[in-house]
Amino acid sequence: MPSATDNARQPGGRSPNAPTRAWQILVDGLAALGTLLILVLMLVISADIVMRNLLGSSLPLVSELGALLLVMIVSLQLATTIRADRLARTEIFFPGFRLKRPVAGSILSALFNLTGAAMIGLIAWSSFLILQKDWTSGEYIGVSGIATLPVWPFRAFIVFGVAVAACEFLFRAVGDLAASVKAGERP
């Protein structure tokens with residue numbers, strides 16, 4: 001079911017304009033990359049299980065790589081979760097409130113989205129600072145001489161995914177504010 005934000009972005013059911021479509025492709029592409037990384041993570045864990053049973057020892061990098069991949073997957077798929085309106089929030093109160101009071105409901109939704117943008121923006125900023133540290137210090141995971149991987153590419157994807165999620169929150173807030181203005185103009 002389309003949200004008021006979707007309706008505000010696409011009046012009259014028309015197809016979205018080129019920038020909106022490009023944004024949707026970017027968000028969906030990040031989610032698809034996150035899904036592929038789930039497959040990679042499953043293969044790495046399965047290979048580790050096989051090696052433990054056959055050779056009695058774990059593959060190098062599995063725990064560190066798994067931890068980084070898991071955070072990367074969540075950050076890459078967060079914007080799609082926001083756009084699909086699948087974040088956990090109280091659905092007992094909000095839909096009925098928004099139907100009875102569309103202006104107040106849109107404003108409340110805009111405040112929720114602005115708060116989400118601020119919080120996710122802070123996460124993006126702190127993740128960017130960690131990325132800078134990892135880049136300058138040459139941080140890596142693994143054991144020297146056996147197997148190592150630089151950490152910064154993982155951090156870069158995390159920062160990018162979280163930044164896109166913060167932007168998605170902002171776009172939804174703008175759509176909600178536009179919906180509140182449009183609802184206020186109706187008799």
# chains A, B, ... in the order shown; residues from 1 in each chain; ligands from 1

$ select_by_dssp --residues "stretch 59-168 of chain A" --states "strand (DSSP E or B)" --output "PyMOL selection string"
chain A and resi 140-143+147-150

$ write_last_selection --atoms "C-alpha atoms" --output "compact mmCIF listing (two decimals), in the first residue's frame"
# COMPACT_ATOMS: atom_id res chain seq x y z
CA TYR A 140 43.33 -4.48 8.37
CA ILE A 141 41.69 -7.66 9.61
CA GLY A 142 43.33 -11.03 9.84
CA VAL A 143 46.73 -12.34 10.85
CA ALA A 147 45.62 -13.70 5.48
CA THR A 148 44.74 -10.03 5.76
CA LEU A 149 42.22 -7.65 4.23
CA PRO A 150 42.09 -3.86 4.47

$ residues_around --residues "A:Leu78" --least-positions-apart "5" --cutoff "12 Å" --atoms "only C-alpha atoms" --output "PyMOL selection string"
chain A and resi 27-35+71-73+83-87+116-117+120+158-169

$ select_by_dssp --residues "stretch 24-181 of chain A" --states "alpha helix (DSSP H)" --output "VMD selection string"
chain A and resid 24 to 55 62 to 83 94 to 100 102 to 137 152 to 181

$ closest_residue --among "A:Leu36, A:Val174, A:Ala156, A:Val50" --to "A:Ala124" --atoms "only C-alpha atoms"
A:Ala156

$ atom_distance --atom1 "atom CA of A:Glu139" --atom2 "atom CA of A:Val151"
5.8 Å

$ closest_residue --among "A:Leu41, A:Ala118, A:Ala22, A:Ala88" --to "A:Leu65" --atoms "only C-alpha atoms"
A:Leu41

$ residues_around --residues "A:Val181" --least-positions-apart "4" --cutoff "8 Å" --atoms "only C-alpha atoms" --output "number ranges by chain"
A: 103, 177, 185

$ residues_around --residues "A:Leu69" --least-positions-apart "5" --cutoff "10 Å" --atoms "only C-alpha atoms" --output "number ranges by chain"
A: 34, 37-38, 40-41, 63-64, 74-75, 154-155, 157-158

$ atom_distance --atom1 "atom CA of A:Ala178" --atom2 "atom CA of A:Gly96"
19.8 Å

$ atom_distance --atom1 "atom CA of A:Phe171" --atom2 "atom CA of A:Leu111"
12.2 Å

$ decode --residues "stretch 63-90 of chain A" --atoms "N, CA and C atoms" --output "mmCIF file, in the first residue's frame"
data_model
loop_
_atom_site.group_PDB
_atom_site.id
_atom_site.type_symbol
_atom_site.label_atom_id
_atom_site.label_comp_id
_atom_site.auth_asym_id
_atom_site.auth_seq_id
_atom_site.Cartn_x
_atom_site.Cartn_y
_atom_site.Cartn_z
ATOM 1 N N SER A 63 35.535 -14.878 11.156
ATOM 2 C CA SER A 63 34.782 -14.120 12.163
ATOM 3 C C SER A 63 34.860 -12.621 11.901
ATOM 4 N N GLU A 64 36.049 -12.115 11.554
ATOM 5 C CA GLU A 64 36.193 -10.684 11.284
ATOM 6 C C GLU A 64 35.434 -10.283 10.025
ATOM 7 N N LEU A 65 35.566 -11.096 8.973
ATOM 8 C CA LEU A 65 34.877 -10.826 7.723
ATOM 9 C C LEU A 65 33.366 -10.908 7.910
ATOM 10 N N GLY A 66 32.911 -11.879 8.675
ATOM 11 C CA GLY A 66 31.482 -12.011 8.944
ATOM 12 C C GLY A 66 30.926 -10.795 9.663
ATOM 13 N N ALA A 67 31.662 -10.295 10.636
ATOM 14 C CA ALA A 67 31.198 -9.121 11.379
ATOM 15 C C ALA A 67 31.110 -7.897 10.473
ATOM 16 N N LEU A 68 32.128 -7.676 9.659
ATOM 17 C CA LEU A 68 32.094 -6.522 8.751
ATOM 18 C C LEU A 68 31.004 -6.663 7.692
ATOM 19 N N LEU A 69 30.856 -7.868 7.145
ATOM 20 C CA LEU A 69 29.825 -8.088 6.134
ATOM 21 C C LEU A 69 28.429 -7.884 6.701
ATOM 22 N N LEU A 70 28.213 -8.307 7.912
ATOM 23 C CA LEU A 70 26.891 -8.165 8.518
ATOM 24 C C LEU A 70 26.506 -6.696 8.680
ATOM 25 N N VAL A 71 27.423 -5.881 9.165
ATOM 26 C CA VAL A 71 27.150 -4.452 9.309
ATOM 27 C C VAL A 71 26.976 -3.814 7.934
ATOM 28 N N MET A 72 27.776 -4.239 6.968
ATOM 29 C CA MET A 72 27.677 -3.711 5.616
ATOM 30 C C MET A 72 26.319 -4.043 4.986
ATOM 31 N N ILE A 73 25.856 -5.263 5.180
ATOM 32 C CA ILE A 73 24.564 -5.694 4.634
ATOM 33 C C ILE A 73 23.436 -4.838 5.213
ATOM 34 N N VAL A 74 23.441 -4.642 6.514
ATOM 35 C CA VAL A 74 22.389 -3.846 7.149
ATOM 36 C C VAL A 74 22.414 -2.413 6.626
ATOM 37 N N SER A 75 23.587 -1.821 6.519
ATOM 38 C CA SER A 75 23.658 -0.428 6.074
ATOM 39 C C SER A 75 23.256 -0.291 4.610
ATOM 40 N N LEU A 76 23.586 -1.266 3.776
ATOM 41 C CA LEU A 76 23.219 -1.190 2.367
ATOM 42 C C LEU A 76 21.719 -1.367 2.151
ATOM 43 N N GLN A 77 21.057 -2.112 3.008
ATOM 44 C CA GLN A 77 19.629 -2.370 2.830
ATOM 45 C C GLN A 77 18.735 -1.433 3.644
ATOM 46 N N LEU A 78 19.319 -0.558 4.432
ATOM 47 C CA LEU A 78 18.532 0.312 5.307
ATOM 48 C C LEU A 78 17.670 1.303 4.521
ATOM 49 N N ALA A 79 18.196 1.908 3.463
ATOM 50 C CA ALA A 79 17.420 2.894 2.701
ATOM 51 C C ALA A 79 16.182 2.265 2.074
ATOM 52 N N THR A 80 16.298 1.038 1.582
ATOM 53 C CA THR A 80 15.135 0.355 1.013
ATOM 54 C C THR A 80 14.112 0.051 2.095
ATOM 55 N N THR A 81 14.568 -0.293 3.263
ATOM 56 C CA THR A 81 13.662 -0.539 4.386
ATOM 57 C C THR A 81 12.888 0.728 4.741
ATOM 58 N N ILE A 82 13.564 1.850 4.728
ATOM 59 C CA ILE A 82 12.923 3.129 5.025
ATOM 60 C C ILE A 82 11.914 3.474 3.927
ATOM 61 N N ARG A 83 12.327 3.332 2.671
ATOM 62 C CA ARG A 83 11.444 3.675 1.554
ATOM 63 C C ARG A 83 10.202 2.786 1.521
ATOM 64 N N ALA A 84 10.350 1.526 1.889
ATOM 65 C CA ALA A 84 9.219 0.594 1.898
ATOM 66 C C ALA A 84 8.367 0.743 3.160
ATOM 67 N N ASP A 85 8.747 1.661 4.033
ATOM 68 C CA ASP A 85 8.023 1.917 5.286
ATOM 69 C C ASP A 85 7.959 0.657 6.142
ATOM 70 N N ARG A 86 9.089 -0.021 6.281
ATOM 71 C CA ARG A 86 9.163 -1.267 7.038
ATOM 72 C C ARG A 86 9.939 -1.128 8.345
ATOM 73 N N LEU A 87 10.180 0.094 8.789
ATOM 74 C CA LEU A 87 10.842 0.277 10.073
ATOM 75 C C LEU A 87 9.878 -0.041 11.200
ATOM 76 N N ALA A 88 10.414 -0.553 12.276
ATOM 77 C CA ALA A 88 9.583 -0.876 13.436
ATOM 78 C C ALA A 88 9.131 0.416 14.110
ATOM 79 N N ARG A 89 7.822 0.580 14.201
ATOM 80 C CA ARG A 89 7.230 1.680 14.963
ATOM 81 C C ARG A 89 5.822 1.277 15.354
ATOM 82 N N THR A 90 5.220 2.047 16.190
ATOM 83 C CA THR A 90 3.903 1.694 16.703
ATOM 84 C C THR A 90 2.848 1.898 15.623
#
